[in-house]
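As structure tokens, the structure follows; a few thoughts come after it.
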Amino acid sequence: MFGGKLQVTTENTRSAKAERDLSSLRGLASGGVHLRGDEDYDRARTTWALAVDLRPAAVAFPLNAEEVTAVVRAAAAAGLRVAPLGTGHNAHPLGDLSDSVLMRMSGMTGITIDADARQARVEAGVVWSSVVEAAGAHGLAALHGSSPDAGVVGYLLGGGVSWYARSLGLATNSLTAVELVTADGSLVRVDAEHHPDLFWAVRGGGGANFGVVTAIEFTLYPIETAYAGMLVWDLRDAHQVLSRWAQWAADAPDAVTTSYRHLHFPPIPEIPEPFRGRQLVVIDGAVLGDDAEAERLLAPLRNLGPEMDTFARVPAASLIRMHMDPEQPVPGGGRSSLLDELPPAAVDRLVEVAGADSGNSLFLMAELRQLGGALGRPQPGAGATAMLDGRFQLIAGGMMIGELAKQTIADCERVVDAMAPYSRGREYLNFQEEPVDPSTGYDASAWERLIHSATRSTQVPSSRPTTKFPPADSGPPSADDGRTRGARSWNRAPPLTVTSIRLAH
């Protein structure tokens, strides 16, 4: 697709050459380059996901696209892979980076809002809270997620489920342009008119499968307010509340996007008094429409008598913190899957494995995000991820501290495995914290087109991915190659050093 040749080396020659040429990286990134043994190496390699212990050959902090280009070229010359990273919210799948340059994009924070065109241009290190504030000043809203400090680029290139998702669809399809550096060090801009095949692929296929993304442009929406908030019950009420919400969510109009959670709050001063030390059921979300219609839609849930009800007309910018996601790095981890319907048996099962008497980890969180609506319909002109094939997204997460980490993962897998009979056999790859069969994130035709796009393009040699596209001639998965239903990893060998990653947001 672009000029240049893919680097093909053996493991031994790459390692030997890297030892000689690592010093060539110094001075190429104004934000700093840190090698193993440097004083600031440990700080530089630490990401938002504190449970992840990345140990790259080097860490670079470029401040502009030209520096990204220089680092990519130097890494290629040294026989190293490149692993671009935003905040590191989903750094878990990156794996062994001993032969990689971890490219931290956090210093690239430029934001431009074109209020008349309802467009935003952001650089690769921008987080959502900054965009929401900038857009809100013009009465506009973006299709952000639930975390204020999640990276914009990783979220959008991987899909993106916003509080308006059931009305407006996947956030990735709000992208209008992507700027990226290819393996030969070329900086290119892709959009509907320029390299349209690549523009299709990066929208849901992840930019780092094709290069290092330096900036993106996307649509903003004239949403100044929403009817939004949360309803709270004690976890002992989970069965009654989940039964009602599951039926209600299945029939709700597209104007409604909500989430249902079981939350276990620790008894520490940092937690507000209404939540401190408690186990709760929380339903939060947003309704696009007038107050009267929103109140009518929420009435079946309010009739269950929540002990807290904060739903009201609020500024759209306030939704970025409504979900109470942590805004500081945390040692967390979890598992996820897409579900179909939630019949009474599924409700029983979830309460059994994640309710008040489940015996799960002290700080386990179980969540169901309401999908469907526009998320379940392919949008005209959409990218590789045109829709999500599921009615609900199941997320189980918890703290990954010391010996608690093993128990947390075991409990998360227990929750996801218990709900497997209600799974679609599909995945939303943005929430996968372990290597999975990437084909489960796409429909068959999109997957075939993606692997051909990845094979044709000049990829950046890079690190172990969440979404690692196979060569186009690899054929369908066999029963023993790790890509079968329920597999927790995908073991087909990539072509020598040519692998790729999803930008961890």
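Letters for chains follow the order of the structure tokens (A, B, ...), residue numbers begin at 1 for each chain, and ligand numbers begin at 1 in the order shown.
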
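For Val52 (chain A), the non-local neighbours within 10 Å, defined as residues at least 6 positions apart in the same chain or in other chains and counting only C-alpha atoms, are Arg45, Thr46, Gly88, His89, Asn90, Ala91, His92, Pro93, Leu94, Gly95, Pro331, Gly332, Gly333 and Met400 of chain A.
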
| message | Going by DSSP on the backbone, which residues of region 265-396 of chain A come out as alpha helix (DSSP H)? List them as a PyMOL selection string. | response | chain A and resi 291-302+344-354

Surrounding residues of region 148-158 of chain A excluding itself and chain neighbours under 6 positions, 8 Å, only C-alpha atoms, as an mmCIF file with N, CA and C atoms, in the first residue's frame:
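So out.cif came out as:
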data_model
loop_
_atom_site.group_PDB
_atom_site.id
_atom_site.type_symbol
_atom_site.label_atom_id
_atom_site.label_comp_id
_atom_site.auth_asym_id
_atom_site.auth_seq_id
_atom_site.Cartn_x
_atom_site.Cartn_y
_atom_site.Cartn_z
ATOM 1 N N GLY A 86 -0.843 4.968 24.562
ATOM 2 C CA GLY A 86 -1.425 6.221 25.025
ATOM 3 C C GLY A 86 -1.267 6.324 26.526
ATOM 4 N N THR A 87 -2.348 6.143 27.266
ATOM 5 C CA THR A 87 -2.261 6.166 28.725
ATOM 6 C C THR A 87 -1.894 4.804 29.289
ATOM 7 N N HIS A 89 -4.373 2.329 29.640
ATOM 8 C CA HIS A 89 -5.532 1.731 30.298
ATOM 9 C C HIS A 89 -5.644 0.244 29.973
ATOM 10 N N ALA A 124 -2.088 12.207 19.614
ATOM 11 C CA ALA A 124 -2.204 10.839 20.122
ATOM 12 C C ALA A 124 -2.133 10.703 21.633
ATOM 13 N N GLY A 125 -1.725 11.750 22.353
ATOM 14 C CA GLY A 125 -1.652 11.644 23.804
ATOM 15 C C GLY A 125 -2.807 12.267 24.546
ATOM 16 N N VAL A 126 -3.811 12.746 23.836
ATOM 17 C CA VAL A 126 -4.935 13.450 24.463
ATOM 18 C C VAL A 126 -5.856 12.464 25.175
ATOM 19 N N VAL A 127 -6.344 12.875 26.355
ATOM 20 C CA VAL A 127 -7.316 12.064 27.095
ATOM 21 C C VAL A 127 -8.695 12.701 26.973
ATOM 22 N N TRP A 128 -9.727 11.909 27.281
ATOM 23 C CA TRP A 128 -11.092 12.341 27.004
ATOM 24 C C TRP A 128 -11.534 13.556 27.813
ATOM 25 N N SER A 129 -11.105 13.691 29.050
ATOM 26 C CA SER A 129 -11.560 14.837 29.840
ATOM 27 C C SER A 129 -11.188 16.151 29.173
ATOM 28 N N ALA A 171 -18.370 4.798 18.397
ATOM 29 C CA ALA A 171 -17.638 6.053 18.280
ATOM 30 C C ALA A 171 -16.594 6.013 17.170
ATOM 31 N N THR A 172 -16.053 4.834 16.850
ATOM 32 C CA THR A 172 -15.025 4.756 15.817
ATOM 33 C C THR A 172 -15.522 5.276 14.479
ATOM 34 N N LEU A 175 -14.956 8.953 13.311
ATOM 35 C CA LEU A 175 -13.652 9.377 12.796
ATOM 36 C C LEU A 175 -13.778 9.875 11.362
ATOM 37 N N VAL A 202 -8.531 1.090 9.800
ATOM 38 C CA VAL A 202 -8.146 1.618 11.119
ATOM 39 C C VAL A 202 -9.359 1.899 11.994
ATOM 40 N N ARG A 203 -10.525 2.082 11.393
ATOM 41 C CA ARG A 203 -11.734 2.347 12.190
ATOM 42 C C ARG A 203 -12.296 1.019 12.717
ATOM 43 N N GLY A 204 -11.735 0.605 13.823
ATOM 44 C CA GLY A 204 -12.107 -0.654 14.429
ATOM 45 C C GLY A 204 -11.029 -1.705 14.319
ATOM 46 N N GLY A 205 -10.095 -1.534 13.359
ATOM 47 C CA GLY A 205 -8.989 -2.466 13.215
ATOM 48 C C GLY A 205 -7.780 -2.072 14.024
ATOM 49 N N GLY A 206 -7.818 -0.874 14.617
ATOM 50 C CA GLY A 206 -6.702 -0.423 15.429
ATOM 51 C C GLY A 206 -5.590 0.154 14.586
ATOM 52 N N GLY A 207 -5.200 1.386 14.857
ATOM 53 C CA GLY A 207 -4.201 2.039 14.031
ATOM 54 C C GLY A 207 -2.855 1.360 14.036
ATOM 55 N N VAL A 213 -0.137 5.901 15.046
ATOM 56 C CA VAL A 213 -1.051 7.025 14.870
ATOM 57 C C VAL A 213 -0.538 8.230 15.642
ATOM 58 N N ALA A 215 -2.244 11.525 15.128
ATOM 59 C CA ALA A 215 -3.382 12.424 15.347
ATOM 60 C C ALA A 215 -4.604 11.856 14.650
ATOM 61 N N ILE A 216 -5.778 12.266 15.124
ATOM 62 C CA ILE A 216 -7.032 11.852 14.507
ATOM 63 C C ILE A 216 -7.985 13.038 14.466
ATOM 64 N N ILE A 320 -18.810 12.572 31.597
ATOM 65 C CA ILE A 320 -17.496 11.945 31.557
ATOM 66 C C ILE A 320 -17.104 11.369 32.915
ATOM 67 N N ARG A 321 -17.700 11.890 34.005
ATOM 68 C CA ARG A 321 -17.373 11.390 35.348
ATOM 69 C C ARG A 321 -18.541 10.668 36.017
ATOM 70 N N ASP A 325 -15.437 6.121 37.296
ATOM 71 C CA ASP A 325 -14.192 5.419 36.995
ATOM 72 C C ASP A 325 -13.022 6.136 37.661
ATOM 73 N N GLU A 327 -9.642 8.076 38.303
ATOM 74 C CA GLU A 327 -8.906 9.008 37.458
ATOM 75 C C GLU A 327 -7.409 8.970 37.724
ATOM 76 N N LEU A 429 -13.096 -6.087 21.313
ATOM 77 C CA LEU A 429 -11.661 -6.216 21.543
ATOM 78 C C LEU A 429 -11.082 -5.092 22.390
ATOM 79 N N ASN A 430 -11.724 -3.934 22.444
ATOM 80 C CA ASN A 430 -11.206 -2.833 23.253
ATOM 81 C C ASN A 430 -11.165 -3.178 24.738
ATOM 82 N N ARG A 502 -2.730 -3.353 18.888
ATOM 83 C CA ARG A 502 -3.738 -2.311 19.031
ATOM 84 C C ARG A 502 -3.170 -1.265 19.966
ATOM 85 N N LEU A 503 -3.297 0.022 19.596
ATOM 86 C CA LEU A 503 -2.818 1.081 20.474
ATOM 87 C C LEU A 503 -3.526 0.991 21.802
ATOM 88 N N ALA A 504 -2.790 0.780 22.872
ATOM 89 C CA ALA A 504 -3.379 0.679 24.207
ATOM 90 C C ALA A 504 -3.761 2.070 24.677
ATOM 91 N N HIS A 505 -5.035 2.299 24.955
ATOM 92 C CA HIS A 505 -5.531 3.639 25.237
ATOM 93 C C HIS A 505 -5.389 4.000 26.694
#

| Nearby residues (only C-alpha atoms) at most 12 Å from region 293-299 of chain A, same-chain spacing under 4 positions excluded, as an MDAnalysis selection string | chainID A and resid 226:231 244:245 248:249 251:258 283:289 303:306 309:313

| Which of A:Leu80, A:Ala51, A:Ala405, A:Ala374 sits closest to Ser24 (chain A) [using only C-alpha atoms] |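 Smallest distance to Ser24 (chain A) is found for A:Leu80.
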
| Pick the closest to Leu339 (chain A) from A:Ser423, A:Gln279, A:Gln370, A:Ser318: which is it, counting only C-alpha atoms? | A:Ser423

| said: Excluding Val416 (chain A) and its own-chain neighbours fewer than 5 positions away, which residues fall within 9 Å of it when counting only C-alpha atoms? Please give them as JSON, numbers by chain. | reply: {"A": [335, 336, 337, 394, 395, 396, 411]}

Since we have the selection now, will you write its residues out, keeping N, CA and C atoms, as a CSV table (one decimal), in the first residue's frame?
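Result went into again_35.csv, see below:
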chain,number,residue,atom,x,y,z
A,335,ARG,N,-11.9,-9.4,32.9
A,335,ARG,CA,-12.3,-10.2,31.8
A,335,ARG,C,-13.6,-9.6,31.2
A,336,SER,N,-13.9,-9.9,30.0
A,336,SER,CA,-15.1,-9.4,29.3
A,336,SER,C,-15.6,-10.3,28.3
A,337,SER,N,-16.9,-10.2,27.9
A,337,SER,CA,-17.5,-10.9,26.8
A,337,SER,C,-18.8,-10.3,26.4
A,394,LEU,N,-20.6,-7.9,29.1
A,394,LEU,CA,-20.3,-8.3,30.4
A,394,LEU,C,-18.9,-7.9,30.7
A,395,ILE,N,-18.6,-7.3,31.9
A,395,ILE,CA,-17.3,-6.9,32.3
A,395,ILE,C,-17.2,-7.3,33.8
A,396,ALA,N,-16.1,-8.1,34.1
A,396,ALA,CA,-15.8,-8.4,35.5
A,396,ALA,C,-14.4,-7.9,35.8
A,411,ASP,N,-11.8,-15.1,40.0
A,411,ASP,CA,-13.2,-14.7,40.2
A,411,ASP,C,-13.8,-14.1,38.9

I'd like the neighbourhood of Met387 (chain A) as a PDB file with N, CA and C atoms, in the first residue's frame, where a residue qualifies if any of its atoms comes within 8 Å (using only C-alpha atoms), though same-chain residues fewer than 2 positions away should be ignored.
ATOM      1  N   GLY A 169     -24.413   5.111  17.611  1.00  0.00           N
ATOM      2  CA  GLY A 169     -23.552   4.035  17.145  1.00  0.00           C
ATOM      3  C   GLY A 169     -22.154   4.074  17.734  1.00  0.00           C
ATOM      4  N   LEU A 170     -21.301   3.198  17.210  1.00  0.00           N
ATOM      5  CA  LEU A 170     -19.925   3.103  17.687  1.00  0.00           C
ATOM      6  C   LEU A 170     -19.157   4.388  17.419  1.00  0.00           C
ATOM      7  N   ALA A 374     -28.508   1.470  17.818  1.00  0.00           N
ATOM      8  CA  ALA A 374     -27.616   1.763  16.700  1.00  0.00           C
ATOM      9  C   ALA A 374     -26.333   0.949  16.751  1.00  0.00           C
ATOM     10  N   LEU A 375     -25.959   0.450  17.932  1.00  0.00           N
ATOM     11  CA  LEU A 375     -24.766  -0.392  18.043  1.00  0.00           C
ATOM     12  C   LEU A 375     -24.932  -1.722  17.320  1.00  0.00           C
ATOM     13  N   GLY A 376     -26.158  -2.154  17.146  1.00  0.00           N
ATOM     14  CA  GLY A 376     -26.430  -3.432  16.515  1.00  0.00           C
ATOM     15  C   GLY A 376     -26.789  -3.332  15.049  1.00  0.00           C
ATOM     16  N   ARG A 377     -26.670  -2.130  14.478  1.00  0.00           N
ATOM     17  CA  ARG A 377     -26.994  -1.931  13.063  1.00  0.00           C
ATOM     18  C   ARG A 377     -25.770  -1.388  12.331  1.00  0.00           C
ATOM     19  N   PRO A 378     -25.331  -2.027  11.244  1.00  0.00           N
ATOM     20  CA  PRO A 378     -24.210  -1.482  10.475  1.00  0.00           C
ATOM     21  C   PRO A 378     -24.545  -0.092   9.957  1.00  0.00           C
ATOM     22  N   GLN A 379     -23.600   0.826  10.115  1.00  0.00           N
ATOM     23  CA  GLN A 379     -23.824   2.188   9.657  1.00  0.00           C
ATOM     24  C   GLN A 379     -23.262   2.373   8.253  1.00  0.00           C
ATOM     25  N   THR A 385     -15.106  -2.181  12.195  1.00  0.00           N
ATOM     26  CA  THR A 385     -16.081  -2.524  13.227  1.00  0.00           C
ATOM     27  C   THR A 385     -17.307  -1.658  13.002  1.00  0.00           C
ATOM     28  N   ASP A 389     -21.908  -7.243  17.891  1.00  0.00           N
ATOM     29  CA  ASP A 389     -22.813  -8.381  17.768  1.00  0.00           C
ATOM     30  C   ASP A 389     -23.153  -8.917  19.154  1.00  0.00           C
TER      31      ASP A 389
END

| request: Extract, using only C-alpha atoms, all DNA, RNA and protein residues at most 12 Å from Glu224 (chain A), discarding same-chain residues fewer than 3 positions from it, and format them as a list of chain:residue names. | output: A:Val132, A:Glu133, A:Ala135, A:Gly136, A:Ala137, A:His138, A:Gly139, A:Leu140, A:Ala141, A:Ala142, A:Leu220, A:Tyr221, A:Tyr227, A:Leu288, A:Gly289, A:Arg313, A:Val314, A:Pro315, A:Ala316, A:Ala317, A:Ser318, A:Leu319

| task | From a DSSP calculation on the backbone, collect every residue of region 287-316 of chain A in strand (DSSP E or B) and output the set as number ranges by chain. | result | A: 287, 308-309, 312-315

I need the chosen residues saved as a PDB file, in the first residue's frame, with N, CA and C atoms.
ATOM      1  N   VAL A 287     -30.284   9.604  28.831  1.00  0.00           N
ATOM      2  CA  VAL A 287     -31.422   9.594  27.917  1.00  0.00           C
ATOM      3  C   VAL A 287     -31.346  10.851  27.066  1.00  0.00           C
ATOM      4  N   MET A 308     -30.967   5.875  46.297  1.00  0.00           N
ATOM      5  CA  MET A 308     -30.396   7.103  45.743  1.00  0.00           C
ATOM      6  C   MET A 308     -30.827   7.221  44.292  1.00  0.00           C
ATOM      7  N   ASP A 309     -31.211   8.431  43.880  1.00  0.00           N
ATOM      8  CA  ASP A 309     -31.661   8.695  42.510  1.00  0.00           C
ATOM      9  C   ASP A 309     -31.139  10.068  42.113  1.00  0.00           C
ATOM     10  N   ALA A 312     -31.259  13.545  36.369  1.00  0.00           N
ATOM     11  CA  ALA A 312     -31.754  14.911  36.199  1.00  0.00           C
ATOM     12  C   ALA A 312     -31.182  15.456  34.896  1.00  0.00           C
ATOM     13  N   ARG A 313     -31.655  16.619  34.500  1.00  0.00           N
ATOM     14  CA  ARG A 313     -31.098  17.310  33.345  1.00  0.00           C
ATOM     15  C   ARG A 313     -29.732  17.881  33.738  1.00  0.00           C
ATOM     16  N   VAL A 314     -28.675  17.453  33.060  1.00  0.00           N
ATOM     17  CA  VAL A 314     -27.316  17.860  33.419  1.00  0.00           C
ATOM     18  C   VAL A 314     -26.544  18.262  32.163  1.00  0.00           C
ATOM     19  N   PRO A 315     -25.466  19.052  32.319  1.00  0.00           N
ATOM     20  CA  PRO A 315     -24.617  19.366  31.167  1.00  0.00           C
ATOM     21  C   PRO A 315     -24.006  18.096  30.587  1.00  0.00           C
TER      22      PRO A 315
END

| task | Find, counting only C-alpha atoms, the residue in A:Gly31, A:Pro269, A:Pro56, A:Gly145 that gets nearest to His323 (chain A). | result |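 Going through A:Gly31, A:Pro269, A:Pro56, A:Gly145 one by one, the smallest distance to His323 (chain A) is for A:Gly145.
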
| query | Please, what distance in Å, to one decimal, runs between CA of Tyr164 (chain A) and CA of Leu143 (chain A)? | reply |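 Separating CA of Tyr164 (chain A) from CA of Leu143 (chain A) is a distance of 6.8 Å.
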
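For the pair CA of Met365 (chain A) and CA of Val161 (chain A), the interatomic distance is 18.7 Å.
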